[in-house]
Structure formats: C-alpha cells, structure tokens
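Heads up, start-v1.cif below (mmCIF, C-alpha atoms):
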data_work
#
loop_
_atom_site.label_atom_id
_atom_site.label_comp_id
_atom_site.auth_asym_id
_atom_site.auth_seq_id
_atom_site.Cartn_x
_atom_site.Cartn_y
_atom_site.Cartn_z
CA MET G 1 236.50 57.17 62.92
CA ALA G 2 238.60 60.00 64.32
CA ASN G 3 236.84 63.21 65.31
CA ASN G 4 238.86 65.31 62.86
CA ALA G 5 238.35 63.02 59.88
CA ILE G 6 235.41 61.96 57.79
CA SER G 7 235.01 59.43 54.99
CA LYS G 8 234.63 60.80 51.48
CA LYS G 9 232.00 58.12 50.82
CA GLN G 10 229.38 60.11 52.72
CA SER G 11 229.57 62.98 50.24
CA GLY G 12 227.76 61.10 47.48
CA ASN G 13 230.88 61.06 45.28
CA LYS G 14 231.87 57.44 44.74
CA ASN G 15 234.97 58.29 42.74
CA LYS G 16 237.00 59.07 45.90
CA SER G 17 237.13 56.76 48.88
CA MET G 18 240.07 58.19 50.81
CA THR G 19 239.77 59.73 54.25
CA LEU G 20 240.36 63.48 54.31
CA GLU G 21 241.43 65.65 57.23
CA VAL G 22 238.89 68.33 58.01
CA PRO G 23 239.77 71.52 59.89
CA PRO G 24 238.02 71.93 63.26
CA GLU G 25 235.98 74.96 62.20
CA ALA G 26 232.54 74.28 60.80
CA THR G 27 231.92 74.63 57.07
CA GLU G 28 228.82 74.22 54.92
CA VAL G 29 227.07 71.59 52.83
CA ILE G 30 224.20 71.61 50.35
CA ILE G 31 221.82 68.65 50.42
CA LEU G 32 220.49 67.45 47.07
CA ASN G 33 217.48 65.19 46.54
CA LYS G 34 215.90 63.74 43.40
CA PRO G 35 212.26 63.31 44.45
CA PHE G 36 209.81 60.72 43.13
CA LEU G 37 212.37 58.62 41.24
CA GLY G 38 213.16 54.92 41.47
CA GLY G 39 211.35 51.61 41.42
CA TRP G 40 210.38 51.66 45.13
CA LEU G 41 207.39 53.88 44.31
CA ASP G 42 206.04 51.46 41.72
CA ALA G 43 204.67 49.06 44.32
CA GLU G 44 200.93 49.26 44.83
CA GLY G 45 199.78 51.65 47.54
CA ARG G 46 203.13 53.29 48.21
CA ILE G 47 203.30 57.05 48.70
CA GLY G 48 206.57 58.91 48.21
CA HIS G 49 207.60 60.11 51.67
CA GLU G 50 209.05 63.25 50.07
CA ILE G 51 205.53 64.50 49.36
CA ILE G 52 205.57 66.10 52.82
CA ASP G 53 208.09 68.60 51.39
CA PHE G 54 205.12 70.18 49.59
CA ILE G 55 202.39 70.09 52.28
CA ARG G 56 202.10 72.13 55.49
CA ALA G 57 201.32 70.24 58.67
CA ASP G 58 198.48 71.18 61.00
CA ASP G 59 200.87 73.14 63.24
CA GLY G 60 201.74 75.41 60.29
CA ASN G 61 205.25 74.02 59.89
CA LEU G 62 206.77 72.62 56.73
CA TYR G 63 208.53 69.31 57.37
CA VAL G 64 211.07 67.72 55.03
CA TYR G 65 212.04 64.13 54.22
CA ASN G 66 215.63 63.36 53.23
CA LEU G 67 215.94 60.59 50.68
CA PRO G 68 216.23 57.69 50.70
CA GLY G 69 215.48 56.67 54.30
CA GLY G 70 214.72 59.83 56.21
CA VAL G 71 218.26 59.81 57.66
CA CYS G 72 220.55 62.82 58.11
CA PRO G 73 224.32 62.15 58.01
CA ASP G 74 226.05 62.36 61.40
CA ASP G 75 228.26 65.26 60.33
CA ILE G 76 225.45 67.62 59.27
CA TRP G 77 223.81 70.25 61.47
CA VAL G 78 220.95 72.67 60.75
CA GLU G 79 220.90 76.10 62.37
CA GLY G 80 217.70 76.74 64.30
CA THR G 81 217.45 73.17 65.63
CA SER G 82 215.64 73.17 68.98
CA GLU G 83 215.04 69.44 69.45
CA LEU G 84 218.75 68.56 69.71
CA SER G 85 221.99 70.02 71.01
CA ARG G 86 224.86 70.27 68.53
CA ARG G 87 227.61 67.66 68.78
CA LYS G 88 231.22 68.07 67.76
CA GLU G 89 230.73 65.52 64.97
CA GLU G 90 228.15 67.79 63.32
CA LYS G 91 230.79 69.96 61.66
CA TYR G 92 228.89 70.92 58.53
CA THR G 93 225.92 73.28 58.42
CA ALA G 94 223.15 72.73 55.88
CA LYS G 95 220.99 75.73 55.03
CA TYR G 96 219.61 74.57 51.69
CA MET G 97 218.14 71.36 50.32
CA ILE G 98 217.83 71.42 46.55
CA LEU G 99 215.24 69.26 44.78
CA THR G 100 216.59 68.38 41.35
CA SER G 101 215.79 66.53 38.19
CA ALA G 102 217.55 63.30 37.33
CA THR G 103 221.27 63.81 36.71
CA LYS G 104 223.34 63.21 33.62
CA VAL G 105 227.03 62.38 33.97
CA ASN G 106 229.31 64.70 31.99
CA GLU G 107 231.91 63.09 29.77
CA ASP G 108 234.66 65.31 31.17
CA GLY G 109 233.59 64.91 34.81
CA GLY G 110 230.86 66.21 37.07
CA CYS G 111 227.19 66.09 36.18
CA THR G 112 224.30 68.19 34.93
CA PHE G 113 220.87 68.60 36.50
CA ASP G 114 218.02 71.07 36.82
CA ILE G 115 217.07 72.85 40.03
CA LYS G 116 213.31 72.61 40.50
CA HIS G 117 212.82 73.62 44.14
CA VAL G 118 214.97 74.94 46.96
CA ILE G 119 214.09 74.42 50.63
CA GLU G 120 215.55 76.61 53.36
CA LEU G 121 216.01 74.37 56.38
CA SER G 122 215.40 75.49 59.97
CA GLY G 123 215.86 72.37 62.10
CA LYS G 124 217.19 68.81 62.33
CA LEU G 125 214.62 66.58 63.99
CA HIS G 126 216.56 63.40 64.86
CA ARG G 127 219.82 61.49 64.50
CA PHE G 128 218.40 58.02 63.86
CA HIS G 129 219.88 55.64 61.30
CA THR G 130 218.29 52.65 59.58
CA THR G 131 221.35 50.38 59.83
CA LYS G 132 223.40 49.05 62.76
CA GLU G 133 226.79 49.56 61.09
CA ASP G 134 227.89 52.26 63.52
CA SER G 135 227.14 51.71 67.20
CA SER G 136 227.87 55.37 67.95
CA VAL G 137 224.59 56.50 66.40
CA PRO G 138 221.07 55.52 67.49
CA PHE G 139 219.44 52.78 65.46
CA MET G 140 215.85 53.34 64.41
CA ASP G 141 213.88 50.36 65.70
CA LYS G 142 210.17 50.11 66.38
CA GLY G 143 210.48 51.48 69.90
CA ASN G 144 212.71 54.41 68.93
CA LEU G 145 210.43 55.29 66.04
CA ALA G 146 207.34 55.30 68.26
CA ALA G 147 209.08 57.52 70.83
CA LEU G 148 210.20 59.95 68.14
CA MET G 149 206.73 60.17 66.62
CA ASP G 150 205.17 60.74 70.04
CA LYS G 151 207.65 63.54 70.71
CA LEU G 152 207.17 65.28 67.35
CA ASP G 153 203.39 64.67 67.07
CA ILE G 154 203.28 65.84 63.46
CA ARG G 155 199.75 65.79 62.07
CA TYR G 156 198.05 66.39 58.75
CA GLY G 157 194.29 66.75 58.79
CA GLY G 158 194.33 65.52 62.38
CA ARG G 159 196.13 62.29 61.52
CA ARG G 160 199.63 61.50 62.75
CA ILE G 161 202.18 61.39 59.94
CA GLU G 162 203.21 57.79 60.65
CA GLU G 163 199.56 56.70 60.32
CA ILE G 164 199.23 58.16 56.84
CA PHE G 165 202.04 56.24 55.16
CA PRO G 166 201.29 52.52 54.69
CA ASP G 167 204.88 51.47 55.52
CA LYS G 168 204.77 52.52 59.16
CA GLN G 169 208.16 51.07 60.15
CA ASP G 170 210.16 53.71 58.26
CA LEU G 171 211.43 57.12 59.26
CA VAL G 172 209.04 59.54 57.61
CA VAL G 173 210.56 62.96 58.42
CA THR G 174 214.05 64.47 58.78
CA PHE G 175 214.02 68.28 58.93
CA ARG G 176 211.86 71.30 59.60
CA ALA G 177 211.94 74.10 56.99
CA GLU G 178 211.60 77.87 57.10
CA ARG G 179 210.49 78.41 53.51
CA MET G 180 210.46 76.92 50.04
CA TYR G 181 211.17 78.27 46.55
CA GLU G 182 210.07 76.99 43.16
CA ALA G 183 211.94 77.57 39.91
CA LYS G 184 209.78 79.42 37.39
CA GLU G 185 211.65 77.42 34.77
CA PRO G 186 214.09 74.58 35.55
CA ILE G 187 217.50 76.09 36.38
CA HIS G 188 220.26 74.26 34.58
CA VAL G 189 223.43 73.39 36.53
CA SER G 190 226.61 71.71 35.35
CA THR G 191 229.28 70.82 37.91
CA LYS G 192 232.98 70.45 37.22
CA SER G 193 233.77 67.40 39.35
CA TYR G 194 230.92 66.70 41.79
CA ASP G 195 228.61 63.88 40.76
CA PHE G 196 225.71 62.25 42.61
CA ARG G 197 224.06 59.28 40.94
CA ARG G 198 221.67 58.07 43.59
CA ASN G 199 218.55 59.92 44.64
CA LYS G 200 220.47 62.02 47.16
CA GLY G 201 223.81 63.77 47.43
CA TYR G 202 225.80 66.07 49.70
CA LEU G 203 227.85 68.86 48.16
CA TYR G 204 230.45 69.80 50.81
CA GLY G 205 232.17 73.16 50.53
CA GLU G 206 235.25 71.60 52.11
CA TRP G 207 235.68 68.89 49.49
CA GLU G 208 234.21 70.42 46.32
CA PRO G 209 234.79 74.16 46.87
CA GLU G 210 234.42 75.23 43.24
CA ASP G 211 231.21 73.33 42.60
CA TYR G 212 229.83 74.23 46.02
CA LYS G 213 230.37 77.95 45.44
CA LYS G 214 228.91 77.72 41.93
CA VAL G 215 225.70 76.02 43.07
CA LEU G 216 225.33 78.27 46.12
CA ASP G 217 225.78 81.40 43.99
CA ILE G 218 223.18 80.14 41.52
CA VAL G 219 220.69 79.58 44.35
CA LYS G 220 221.30 82.99 45.95
CA GLU G 221 221.20 84.87 42.66
CA SER G 222 218.06 83.01 41.54
CA ILE G 223 216.28 83.95 44.76
CA LYS G 224 217.38 87.56 44.36
CA THR G 225 216.24 87.83 40.73
CA GLY G 226 213.02 85.88 41.18
CA ARG G 227 213.99 82.87 39.08
CA LEU G 228 213.34 81.02 42.34
CA ALA G 229 210.02 82.34 43.61
CA ASP G 230 208.35 81.81 46.98
CA PHE G 231 206.33 78.61 46.93
CA GLU G 232 203.40 78.11 49.28
CA PRO G 233 202.92 74.41 50.08
CA ASN G 234 199.47 72.86 50.02
CA LYS G 235 197.38 72.91 53.17
CA VAL G 236 195.19 70.08 54.35
CA SER G 237 191.51 71.03 54.27
CA ALA G 238 188.11 69.47 53.71
CA GLU G 239 188.48 70.37 50.03
CA THR G 240 191.92 68.83 49.50
CA THR G 241 191.01 65.60 51.30
CA SER G 242 187.66 65.10 49.54
CA PRO G 243 187.48 62.21 47.08
CA LEU G 244 189.28 63.35 43.93
CA SER G 245 187.24 61.71 41.23
CA GLY G 246 186.26 58.58 43.06
CA MET G 247 188.08 55.28 42.91
CA SER G 248 188.54 53.95 39.41
CA PHE G 249 187.53 50.39 38.59
CA LEU G 250 191.17 49.42 38.03
CA GLU G 251 192.06 50.77 41.49
CA LEU G 252 189.21 48.73 42.94
CA ILE G 253 190.66 45.52 41.55
CA GLY G 254 194.29 46.48 42.20
CA MET G 255 195.29 46.89 38.54
CA GLU G 256 195.69 50.66 38.26
CA LYS G 257 199.38 50.25 37.30
CA THR G 258 198.90 47.22 35.03
CA GLU G 259 200.04 48.31 31.60
CA GLN G 260 198.15 45.62 29.72
CA ALA G 261 194.85 46.81 31.17
CA TYR G 262 195.21 50.26 29.58
CA THR G 263 196.50 48.74 26.35
CA ASN G 264 193.48 46.45 26.13
CA MET G 265 191.00 49.26 26.86
CA LEU G 266 192.51 51.59 24.29
CA CYS G 267 192.68 48.83 21.70
CA ARG G 268 189.00 48.02 22.19
CA VAL G 269 188.10 51.67 21.69
CA LEU G 270 190.22 51.97 18.55
CA GLN G 271 188.57 48.87 17.07
CA VAL G 272 185.26 50.73 16.92
CA PRO G 273 184.74 51.44 13.18
CA GLY G 274 186.12 54.83 12.21
CA ILE G 275 187.75 55.61 15.56
CA MET G 276 191.35 54.84 14.57
CA ARG G 277 191.31 57.43 11.78
CA ARG G 278 189.74 59.99 14.11
CA PHE G 279 192.41 59.22 16.73
CA CYS G 280 195.11 59.98 14.17
CA PHE G 281 193.42 63.21 13.04
CA ALA G 282 193.07 64.29 16.68
CA PHE G 283 196.76 63.95 17.51
CA VAL G 284 198.41 64.43 14.10
CA PRO G 285 196.03 66.96 12.55
CA HIS G 286 198.31 67.72 9.59
CA GLY G 287 199.33 64.14 8.91
CA HIS G 288 198.44 62.12 5.83
CA ILE G 289 196.01 59.37 6.80
CA GLU G 290 194.71 56.53 4.65
CA GLU G 291 191.08 56.96 3.56
CA GLY G 292 190.29 53.26 3.88
CA ALA G 293 189.52 51.17 6.94
CA PHE G 294 192.21 50.13 9.41
CA ARG G 295 192.53 46.68 10.93
CA VAL G 296 193.49 47.16 14.59
CA ALA G 297 195.42 44.46 16.45
CA ARG G 298 196.87 44.07 19.94
CA GLU G 299 200.31 42.71 20.89
CA HIS G 300 201.44 42.00 17.35
CA THR G 301 204.84 40.30 17.29
CA ILE G 302 207.56 41.32 14.84
CA VAL G 303 211.30 40.79 14.74
CA GLY G 304 212.68 42.90 17.56
CA GLY G 305 209.66 43.00 19.82
CA ARG G 306 205.92 42.95 20.30
CA MET G 307 203.86 46.07 19.60
CA ASP G 308 201.16 46.99 22.10
CA ILE G 309 198.74 48.19 19.43
CA CYS G 310 199.13 48.39 15.68
CA ALA G 311 196.82 49.16 12.80
CA GLU G 312 197.09 48.49 9.11
CA SER G 313 195.27 49.55 5.98
CA ASP G 314 196.07 48.74 2.36
CA SER G 315 198.74 51.44 2.21
CA GLN G 316 199.57 52.60 5.73
CA ARG G 317 200.57 51.30 9.16
CA ILE G 318 200.11 52.79 12.64
CA VAL G 319 202.04 51.94 15.82
CA ILE G 320 200.92 52.71 19.38
CA GLU G 321 203.25 51.87 22.28
CA ASN G 322 201.79 52.20 25.78
CA LYS G 323 203.96 52.98 28.83
CA VAL G 324 202.44 53.09 32.32
CA ASP G 325 205.53 52.36 34.44
CA SER G 326 207.98 50.70 32.07
CA GLY G 327 210.70 52.41 30.07
CA LEU G 328 211.99 51.71 26.59
CA ASN G 329 212.92 48.11 25.80
CA GLY G 330 215.33 46.57 23.33
CA ILE G 331 218.01 49.18 24.00
CA ASP G 332 221.00 48.80 21.67
CA LYS G 333 223.60 51.33 22.82
CA ALA G 334 225.96 50.52 19.99
CA ASP G 335 223.31 51.35 17.41
CA SER G 336 221.50 54.04 19.45
CA SER G 337 218.19 52.30 18.91
CA THR G 338 215.35 50.68 20.84
CA GLN G 339 212.10 48.87 20.26
CA LEU G 340 210.75 52.13 18.81
CA SER G 341 213.10 51.89 15.82
CA ASP G 342 212.09 48.28 15.20
CA TYR G 343 208.39 49.18 15.22
CA TYR G 344 208.96 52.23 13.04
CA ASN G 345 210.90 50.21 10.47
CA TRP G 346 208.03 47.70 10.34
CA ALA G 347 205.54 50.51 9.84
CA CYS G 348 207.61 51.97 6.98
CA GLU G 349 207.07 48.88 4.82
CA LYS G 350 203.81 50.33 3.47
CA GLU G 351 203.46 52.96 0.73
CA MET G 352 202.35 55.85 2.94
CA ALA G 353 204.39 57.31 5.79
CA PRO G 354 203.57 55.65 9.11
CA LEU G 355 202.03 57.26 12.17
CA CYS G 356 203.59 56.33 15.52
CA PHE G 357 202.40 57.16 19.03
CA ILE G 358 203.46 56.59 22.62
CA THR G 359 200.68 56.83 25.21
CA VAL G 360 201.69 57.63 28.80
CA PRO G 361 200.35 58.99 32.10
CA ASP G 362 200.75 62.77 31.97
CA TYR G 363 203.43 62.78 34.67
CA ARG G 364 205.69 60.51 32.59
CA MET G 365 205.84 62.63 29.42
CA ASP G 366 209.17 64.30 30.18
CA GLU G 367 210.65 61.04 31.44
CA ILE G 368 209.79 59.12 28.26
CA ARG G 369 210.91 62.00 26.05
CA SER G 370 214.26 62.02 27.84
CA GLU G 371 214.66 58.26 27.34
CA ILE G 372 214.02 58.63 23.62
CA ARG G 373 216.61 61.40 23.35
CA LYS G 374 219.11 59.28 25.25
CA TYR G 375 218.62 55.84 23.70
CA ASP G 376 216.87 56.35 20.34
CA PRO G 377 217.21 60.00 19.27
CA LYS G 378 216.19 59.36 15.66
CA MET G 379 212.72 58.43 16.89
CA GLU G 380 212.02 61.68 18.75
CA SER G 381 210.58 63.27 15.60
CA GLU G 382 208.78 60.09 14.50
CA TYR G 383 206.69 59.36 17.62
CA MET G 384 203.95 61.58 19.02
CA ILE G 385 203.67 61.32 22.83
CA VAL G 386 200.01 61.40 23.88
CA PRO G 387 199.14 61.86 27.57
CA TYR G 388 196.34 59.93 29.24
CA SER G 389 194.39 63.12 29.94
CA GLN G 390 194.06 63.69 26.18
CA ILE G 391 193.08 60.07 25.58
CA ALA G 392 190.30 60.39 28.16
CA LYS G 393 189.06 63.61 26.51
CA PHE G 394 189.21 61.98 23.08
CA ILE G 395 187.18 58.95 24.11
CA ARG G 396 184.60 61.09 25.91
CA ARG G 397 184.28 63.44 22.96
CA GLU G 398 184.01 60.68 20.38
CA LEU G 399 181.90 58.11 22.19
CA GLU G 400 179.96 59.91 24.93
CA GLU G 401 179.02 63.35 23.63
CA GLU G 402 176.55 64.45 20.95
CA PHE G 403 177.29 63.45 17.35
CA ALA G 404 177.08 66.49 15.08
CA SER G 405 177.63 65.27 11.51
CA VAL G 406 176.31 62.52 9.30
CA GLU G 407 179.69 60.79 9.58
CA ASP G 408 179.39 61.00 13.36
CA GLU G 409 175.93 59.48 13.30
CA GLU G 410 177.06 56.64 11.06
CA MET G 411 179.97 55.89 13.37
CA HIS G 412 177.71 56.11 16.43
CA THR G 413 175.27 53.66 14.84
CA ALA G 414 178.14 51.22 14.30
CA PHE G 415 179.27 51.80 17.87
CA GLU G 416 175.91 51.18 19.54
CA GLY G 417 175.50 47.66 20.76
CA THR G 418 179.19 46.84 20.66
CA ALA G 419 180.83 45.12 23.62
CA VAL G 420 182.76 48.27 24.52
CA GLU G 421 179.77 50.66 24.69
CA PRO G 422 178.67 50.05 28.32
CA PHE G 423 182.27 50.33 29.55
CA VAL G 424 183.12 53.72 28.03
CA PRO G 425 182.59 55.68 31.31
CA ILE G 426 184.83 53.20 33.16
CA ILE G 427 187.50 53.44 30.46
CA VAL G 428 187.45 57.25 30.51
CA HIS G 429 187.66 57.31 34.31
CA SER G 430 190.59 54.87 34.31
CA PHE G 431 192.66 57.07 32.00
CA GLU G 432 191.70 60.18 33.98
CA ALA G 433 192.96 58.55 37.17
CA LEU G 434 196.53 58.68 35.80
CA SER G 435 196.24 62.17 34.33
CA TYR G 436 198.11 64.08 37.03
CA ALA G 437 200.49 66.61 35.51
CA SER G 438 203.42 65.52 37.69
CA LYS G 439 204.40 62.77 40.10
CA ARG G 440 204.20 65.39 42.81
CA ASP G 441 200.52 65.90 42.01
CA LEU G 442 199.98 62.14 41.89
CA TYR G 443 201.47 61.49 45.33
CA ALA G 444 199.87 64.61 46.81
CA ALA G 445 196.51 63.19 45.78
CA LYS G 446 197.38 59.81 47.30
CA PHE G 447 198.57 61.50 50.49
CA MET G 448 195.38 63.54 50.79
CA GLU G 449 193.29 60.46 50.09
CA ALA G 450 195.17 58.54 52.81
CA ILE G 451 194.40 61.33 55.28
CA ARG G 452 190.73 61.05 54.45
CA SER G 453 190.65 57.25 54.62
CA GLU G 454 190.42 55.59 58.02
#
Written as structure tokens, that's how I'd like the structure from this file.
Amino acid sequence: MANNAISKKQSGNKNKSMTLEVPPEATEVIILNKPFLGGWLDAEGRIGHEIIDFIRADDGNLYVYNLPGGVCPDDIWVEGTSELSRRKEEKYTAKYMILTSATKVNEDGGCTFDIKHVIELSGKLHRFHTTKEDSSVPFMDKGNLAALMDKLDIRYGGRRIEEIFPDKQDLVVTFRAERMYEAKEPIHVSTKSYDFRRNKGYLYGEWEPEDYKKVLDIVKESIKTGRLADFEPNKVSAETTSPLSGMSFLELIGMEKTEQAYTNMLCRVLQVPGIMRRFCFAFVPHGHIEEGAFRVAREHTIVGGRMDICAESDSQRIVIENKVDSGLNGIDKADSSTQLSDYYNWACEKEMAPLCFITVPDYRMDEIRSEIRKYDPKMESEYMIVPYSQIAKFIRRELEEEFASVEDEEMHTAFEGTAVEPFVPIIVHSFEALSYASKRDLYAAKFMEAIRSE
C-alpha cells in the first residue's frame, strides 16, 4: 500500500471499498466500540476484555481494550504515547474512544446509536496484529505477547493482566487513557452516511467530515454541559475482590448459563399450590386473575413453538418465556411476529385476558425489550419483562419468610414437605447470581473474582 493512500475498508464502512488519496498532513479519527456484545462472551468462563476500560490498574492508570482483538489500526496515533515513536503511516490522531449501544441502520443511510461513555486516550501501547496478512506490521505470537506483557507489567490486585483472563493467548490491552466520562442519560446520535455494524468502527474526519464533526461537537458540548460527567473507574481492593455472594450451585456444576435449569427451577416453584396466582399479583398487581387453581406445565408444545412455562385454569391462560442468553425465536419479518405472538394467541383462547411474562437476567432487560420492538412490536404491551432479581425476591418472600395471613399459612402448609422445599435457598441464590444490573457489572464481578482466585 502506498504511503499516501489508505484503504477505505479500515474505516468500518463496508459500503465503499475504493482507495482514497489522503493529504500528507495528519487529521483526526474517533474510535467507536460496542462493549459486551456478541456470542463470544457466551462461552463459559469468558470475561469481556473491555472490562478493563472501567477498572484502574494498580499503578493508577486506566488502560483500554480496543474491540475485537486488542489491535489498533496501523494509521492511528494517540498523542501522549511514550512507549512508541510515531511513524509516517500513523497519519490519524485519536483523542476519543466512544462506547456506544448497539447500532440501528437508517433507511436513508447512516446509523443511529447512543453514546454511553467517552474515553479520552493518552497513549498507544503497541502495534501488534493478530493476523499475518501484512508483513509490514508485527504479528502477535506467543513470544511477542510475553515480551509485551513483561514490558508493560500491568497489574490488578497484584496479578498481571494476562493472568486474569482465561484466554491468555490474546492481546488484552491497546491504549492508556487520561480520563473517562459517563452519559447521565444515553446520548442519541444519528449519522448521515457513516455506518459501523460490527462491534468497532473508526470515524475518520478525512472521509466522513460531516458525521465526524457532528459526533465530535456532540462529545465536546456534552462534556461542557455535564451531560457527559466525569466517571471514576473501580479500584481493586480487598472489598471488591471478596467473594460476591459465593458460588451458586449452577456455577459449581457448570450450568449457570443453561436456560432450561432456570426454567425448571421456576416451574417447580410455581407448581406449589397458590404460588402462580401470587406470582401474577406480584408482577401485574392491577391485572384480572382467575380465582380458581392453575395447572402449571413446562415446555408445552403448540403450533409455532414450545412454551417454557404455561399455566391454565378453567377460564384463563398464563405464558412465561425464559431467556438467559437466547433471543426471540420464530421471527417472521414479513408478518412482524415471533414466538411471542404464537404463545399470546394460544393464551387468548380462554374467556379471560391472558397474562404473559418474559423472565430474564437483569442485564438483558433492555436487550430483550429492543428485540420485541424490532421483531414483534404488538407484543411489547402484552408481555411483562421480569428480571431475575425480582424473581429471587419473590421466591424468598413467598417461601422463606414469615407467613402473616391465614391464606399464607394454608399455602405454607401445602408447601412443607414438597420436593422443592429443601432447594429454595439454592434456587434463590441461582437467580441472584444473574441479577447484575448491566453486563458491565457482570463482567466486573467476574474480573474481580478472577483476581481473587489463584
């Protein structure tokens, strides 16, 4: 590649593949990352490398990971870099990395996303790549990685950064940062032509001047007005690395992300006489609920799918769909419907209006709500999304605490001696273990736990 030219492919915009001439003077670029997205994180034991963006190292510095492989493009430089000397290829200066929500492609071009955090960069730590496509850049092999880690010696709680992550053959850091900002409320952005669909993008002022200026102005103005406020990353201490709530039983047996396990536990609880009605009253307090008993079943098959949990009385039906990692199934784009519509239609066959729920880990609430709006908007008002933290509180309140009324005592008498009774503390703990408010909180906890574990 000529020194005065650069491929458009590196910008994150796949719609243009031509090679553009770039003037010799340096210009600027904004780095964009979508943290904690994608199927890679679903594998057992994995910790999102980008969690270091939110945690100060022992030396007081904030280090940053550039998705997806810890690599920085060859043409990008960061002012303040002390580990490297600037090369002529590093034409573009990056001051800001923006952490965004998932993006939505605009019909008339460009994309929309929310700004959640902004990181002010202060150094580029390496030039390694994870592929051998270009012999002009250093390839990150085991030896190079070890040498880099020895040189940087980045530690958290006394442990080297590469020892904390279970996948030790990857690059685990890219930049050093001066400071970080957090949006008080997500800051909405809509670009005119720039679009990045993977979990990272590069908005070059040279190639997308209008969108670059718009995003940069939003960042600067938001910092000035306080919409982006100073954010102090977590620090590693004896408190943050202490056991969070202890290992859950499902973690012990390697099933903490197994959807069927949570479905089975919740179903068993709801089969306790009287509990299904109390579940409905707890989460739809103003709903109309059948006075009679409900028959609770698991994985009931109907045309269009198989419901995780359903309940039926003489005049009413209830649907509960559980989502640990999976998204909506049975997507029919032509009809704007999913499995949720099929289950709802089945539930409507009774005289009384149905009650429909989706149970999810707390950190997935916004994600599932967005999927419903996108693929099955009619169902947004029909399904109540219930987070695992509230399920844990419900089960503890109903089956572990004191029973105040005669109705409570009657239900408790029916509950005593059932197969589920001795497992209630384990069930509560299992739902609590996935009750983190965000994926950032989830992976921060895993990171801290990894520091503590030898």
- Write out as a VMD selection string the residues lying within 6 Å of range 34-36 of chain G, counting only C-alpha atoms and excluding same-chain residues fewer than 5 positions away. chain G and resid 99 to 101 199
- Spell out the residues picked by the PyMOL selection byres ((chain G and resi 379-387) around 6) here, as a PyMOL selection string. chain G and resi 356-362+376-378+388-390
With C-alpha atoms retained, could you export that selection as a JSON list (two decimals), in the coordinates of the input?
[["chain", "number", "residue", "atom", "x", "y", "z"],
["G", 356, "CYS", "CA", 203.59, 56.33, 15.52],
["G", 357, "PHE", "CA", 202.40, 57.16, 19.03],
["G", 358, "ILE", "CA", 203.46, 56.59, 22.62],
["G", 359, "THR", "CA", 200.68, 56.83, 25.21],
["G", 360, "VAL", "CA", 201.69, 57.63, 28.80],
["G", 361, "PRO", "CA", 200.35, 58.99, 32.10],
["G", 362, "ASP", "CA", 200.75, 62.77, 31.97],
["G", 376, "ASP", "CA", 216.87, 56.35, 20.34],
["G", 377, "PRO", "CA", 217.21, 60.00, 19.27],
["G", 378, "LYS", "CA", 216.19, 59.36, 15.66],
["G", 388, "TYR", "CA", 196.34, 59.93, 29.24],
["G", 389, "SER", "CA", 194.39, 63.12, 29.94],
["G", 390, "GLN", "CA", 194.06, 63.69, 26.18]]
- Message: I'd like the neighbourhood of Thr338 in chain G as an MDAnalysis selection string, where a residue qualifies if any of its atoms comes within 12 Å (using only C-alpha atoms), though same-chain residues fewer than 3 positions away should be ignored.
- Response: chainID G and resid 304:305 327:335 341:345 371:380
- Message: For the provided coordinates, the residues matched by the PyMOL selection byres ((chain G and resi 160) around 12) should be stated as a ChimeraX atom specification.
- Response: /G:57-59,146,148-159,161-165,168,172-173,450-451,454
- Task: Run through the PyMOL selection byres ((chain G and resi 86) around 12) on the given coordinates and return the selected residues as a VMD selection string.
- Result: chain G and resid 26 74 to 85 87 to 93 123 to 127
- Which of G:Thr191, G:Asn106, G:His288, G:Ile47 sits closest to Lys213 in chain G [using only C-alpha atoms]: G:Thr191
- Query: Which is closer to Lys257 in chain G than all the others in G:Thr103, G:Asn322, G:Ser438, G:Gln316, using all atoms listed in the file?
  - Reply: G:Asn322
